[in-house]
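Heads up, the thing below is written out as structure tokens.
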Amino acid sequence: MKKIGVLTSGGDAPGMNAAIRAVVRTGIAKGIEVIGVMEGFNGLSEGLFKQLDARDVSNILQRGGTILRSARSEVFRTSKGRKQAFENIKKEGLDGLIIIGGNGSFAGASVFSSEYSVPYIGIPGTIDNDLFGTDFTLGFDTACNTVIEAVDRIKDTAASHNRLFFIEVMGRDSGYIALTTGIATGAEEILLPETATNVVQLINRLETAQKGRKNSSIVIVAEGDDGGGAYAVAEKVKEKYTQYDTRVTILGHLQRGGRPSAIDRVLGSRFGHAAVEAILNNKTDIMIGVGNGEIIETLVADTISKTKPLPQHLFHIKYDLTI
């Protein structure tokens, strides 16, 4: 390994810049050249390369998003696009890739590697925290902190006006953000993609909360909840439950931005450093993760094929803490 490329793919996540910085500086410290690939897999297909030195990644630890930019590449999904990417890699002289992204990014990398034998290491960058093979992904902690701050503010106005708020957070297929922030904000109910939504049970719990002299309630809804999202569930509840003045807030992409937390900055730094060491040790088709506080490695084939379950201990406590 004399020259490697680093790219960010899919949705951006706070902490990606910390990982980029670590890849660049670790690579330079190990005597290899690091090339930034702009705009994800699109950049591979279009040859958007930029040499990075230690100063190019100065003062980016505190920045959200990704300095390399990202994209969901339709071109790379085609065999023609992947062939062009390989030609550009050969022309640039890259010996391997470090890919920061989520499940879709790793699936694309896996196909590309099987076709052209390009070594790569994955770094988990997604706020959803839904990747098998790591306890935490880049951006999850920051996204949760952003949600918590917003909900804390909403609770102030909810209590002032005897209101019921349905707050929708990100998570099409995974309820990690919803479950974590629901516990952290003391939400009366948490609706998740992994569990069926029962409006009757929801109303019963809201009535129980009101009988317990609560003058407001918060319901956290993951966007992939089978009830149809916050607006749909709120409409169903309003038909039968009129005690509260009901409101809906969609936090949306607010959760993706902002300064990375200390946890995400350190995690990105650890992931980037470990990824460079792994590729220099001739490893490939693996994702760097963290388990029980230690850096671990997981086959990308397992990461993209296996499901990461929600932490059951949080289910056990969520209702006891909202009485």
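Every chain in the structure tokens has a letter given in the order shown (A, B, ...), and although residue numbers restart at 1 in each chain, ligands are simply numbered from 1 in the order shown.
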Would you list the contacts of Val200 in chain A as a PDB file with C-alpha atoms, in the first residue's frame, taking every protein, DNA or RNA residue within 9 Å and counting only C-alpha atoms, but skipping same-chain residues closer than 4 positions in sequence?
ATOM      1  CA  ASN A 204     -55.046   4.123  27.172  1.00  0.00           C
ATOM      2  CA  ARG A 205     -51.517   5.062  28.208  1.00  0.00           C
ATOM      3  CA  VAL A 237     -55.540   9.746  18.286  1.00  0.00           C
TER       4      VAL A 237
END
| Using only C-alpha atoms, which of A:Asn282, A:Ser269, A:Thr246, A:Asn42 sits nearest Gly81 in chain A? | A:Asn42
| task | Would you list, as a PyMOL selection string, the residues of range 85-221 of chain A that end up in strand (DSSP E) under DSSP run on this structure's backbone? | result | chain A and resi 96-101+120-124+163-169+189-191+217-221
| Close residues, range 175-178 of chain A itself excluded, 8 Å, only C-alpha atoms, min 3 positions apart in chain, as a PyMOL selection string | chain A and resi 127-130+140+143-144+169-172+181-182+190-194+220-222+310
Can you write just those residues out, N, CA and C atoms, as a PDB file, in the first residue's frame?
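So the final result, stored in again-v2.pdb, reads:
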ATOM      1  N   ILE A 127     -26.450   8.089  11.212  1.00  0.00           N
ATOM      2  CA  ILE A 127     -27.051   8.476  12.485  1.00  0.00           C
ATOM      3  C   ILE A 127     -28.018   7.420  13.004  1.00  0.00           C
ATOM      4  N   ASP A 128     -28.438   6.488  12.153  1.00  0.00           N
ATOM      5  CA  ASP A 128     -29.451   5.506  12.556  1.00  0.00           C
ATOM      6  C   ASP A 128     -28.929   4.439  13.521  1.00  0.00           C
ATOM      7  N   ASN A 129     -27.617   4.257  13.587  1.00  0.00           N
ATOM      8  CA  ASN A 129     -27.014   3.266  14.481  1.00  0.00           C
ATOM      9  C   ASN A 129     -27.557   1.856  14.226  1.00  0.00           C
ATOM     10  N   ASP A 130     -27.798   1.532  12.969  1.00  0.00           N
ATOM     11  CA  ASP A 130     -28.478   0.286  12.635  1.00  0.00           C
ATOM     12  C   ASP A 130     -27.580  -0.763  11.988  1.00  0.00           C
ATOM     13  N   PHE A 140     -24.629   8.978  15.535  1.00  0.00           N
ATOM     14  CA  PHE A 140     -25.778   8.599  16.357  1.00  0.00           C
ATOM     15  C   PHE A 140     -25.844   9.424  17.636  1.00  0.00           C
ATOM     16  N   ALA A 143     -26.828  13.043  16.869  1.00  0.00           N
ATOM     17  CA  ALA A 143     -28.228  13.136  16.459  1.00  0.00           C
ATOM     18  C   ALA A 143     -29.154  13.014  17.663  1.00  0.00           C
ATOM     19  N   CYS A 144     -28.840  12.097  18.567  1.00  0.00           N
ATOM     20  CA  CYS A 144     -29.660  11.942  19.772  1.00  0.00           C
ATOM     21  C   CYS A 144     -29.620  13.205  20.628  1.00  0.00           C
ATOM     22  N   VAL A 169     -38.938  11.540  14.611  1.00  0.00           N
ATOM     23  CA  VAL A 169     -37.486  11.525  14.463  1.00  0.00           C
ATOM     24  C   VAL A 169     -37.112  10.583  13.326  1.00  0.00           C
ATOM     25  N   MET A 170     -35.876  10.652  12.890  1.00  0.00           N
ATOM     26  CA  MET A 170     -35.429   9.806  11.789  1.00  0.00           C
ATOM     27  C   MET A 170     -35.334   8.339  12.225  1.00  0.00           C
ATOM     28  N   GLY A 171     -35.430   7.476  11.226  1.00  0.00           N
ATOM     29  CA  GLY A 171     -35.385   6.042  11.464  1.00  0.00           C
ATOM     30  C   GLY A 171     -36.427   5.328  10.621  1.00  0.00           C
ATOM     31  N   ARG A 172     -36.135   5.167   9.319  1.00  0.00           N
ATOM     32  CA  ARG A 172     -37.075   4.468   8.434  1.00  0.00           C
ATOM     33  C   ARG A 172     -37.196   2.999   8.789  1.00  0.00           C
ATOM     34  N   THR A 181     -33.860   8.412  22.513  1.00  0.00           N
ATOM     35  CA  THR A 181     -34.288   9.766  22.889  1.00  0.00           C
ATOM     36  C   THR A 181     -35.599   9.744  23.660  1.00  0.00           C
ATOM     37  N   GLY A 182     -36.423   8.750  23.394  1.00  0.00           N
ATOM     38  CA  GLY A 182     -37.655   8.626  24.160  1.00  0.00           C
ATOM     39  C   GLY A 182     -37.385   8.379  25.633  1.00  0.00           C
ATOM     40  N   ILE A 190     -43.308   5.622  22.854  1.00  0.00           N
ATOM     41  CA  ILE A 190     -42.289   5.591  21.804  1.00  0.00           C
ATOM     42  C   ILE A 190     -42.770   4.617  20.735  1.00  0.00           C
ATOM     43  N   LEU A 191     -42.923   5.097  19.513  1.00  0.00           N
ATOM     44  CA  LEU A 191     -43.423   4.267  18.416  1.00  0.00           C
ATOM     45  C   LEU A 191     -42.271   3.954  17.455  1.00  0.00           C
ATOM     46  N   LEU A 192     -42.091   2.661  17.183  1.00  0.00           N
ATOM     47  CA  LEU A 192     -40.900   2.185  16.482  1.00  0.00           C
ATOM     48  C   LEU A 192     -41.253   1.340  15.265  1.00  0.00           C
ATOM     49  N   PRO A 193     -40.360   1.274  14.267  1.00  0.00           N
ATOM     50  CA  PRO A 193     -40.589   0.381  13.123  1.00  0.00           C
ATOM     51  C   PRO A 193     -40.587  -1.090  13.527  1.00  0.00           C
ATOM     52  N   GLU A 194     -39.877  -1.411  14.606  1.00  0.00           N
ATOM     53  CA  GLU A 194     -39.733  -2.820  15.011  1.00  0.00           C
ATOM     54  C   GLU A 194     -40.946  -3.369  15.758  1.00  0.00           C
ATOM     55  N   ILE A 220     -42.791  10.066  21.055  1.00  0.00           N
ATOM     56  CA  ILE A 220     -41.716  10.047  20.057  1.00  0.00           C
ATOM     57  C   ILE A 220     -42.074   9.014  19.002  1.00  0.00           C
ATOM     58  N   VAL A 221     -42.035   9.407  17.737  1.00  0.00           N
ATOM     59  CA  VAL A 221     -42.417   8.530  16.636  1.00  0.00           C
ATOM     60  C   VAL A 221     -41.262   8.413  15.640  1.00  0.00           C
ATOM     61  N   ALA A 222     -40.774   7.193  15.411  1.00  0.00           N
ATOM     62  CA  ALA A 222     -39.786   6.984  14.345  1.00  0.00           C
ATOM     63  C   ALA A 222     -40.491   7.112  13.001  1.00  0.00           C
ATOM     64  N   LEU A 310     -32.653  -3.957  18.600  1.00  0.00           N
ATOM     65  CA  LEU A 310     -32.712  -2.862  19.556  1.00  0.00           C
ATOM     66  C   LEU A 310     -32.335  -3.371  20.949  1.00  0.00           C
TER      67      LEU A 310
END
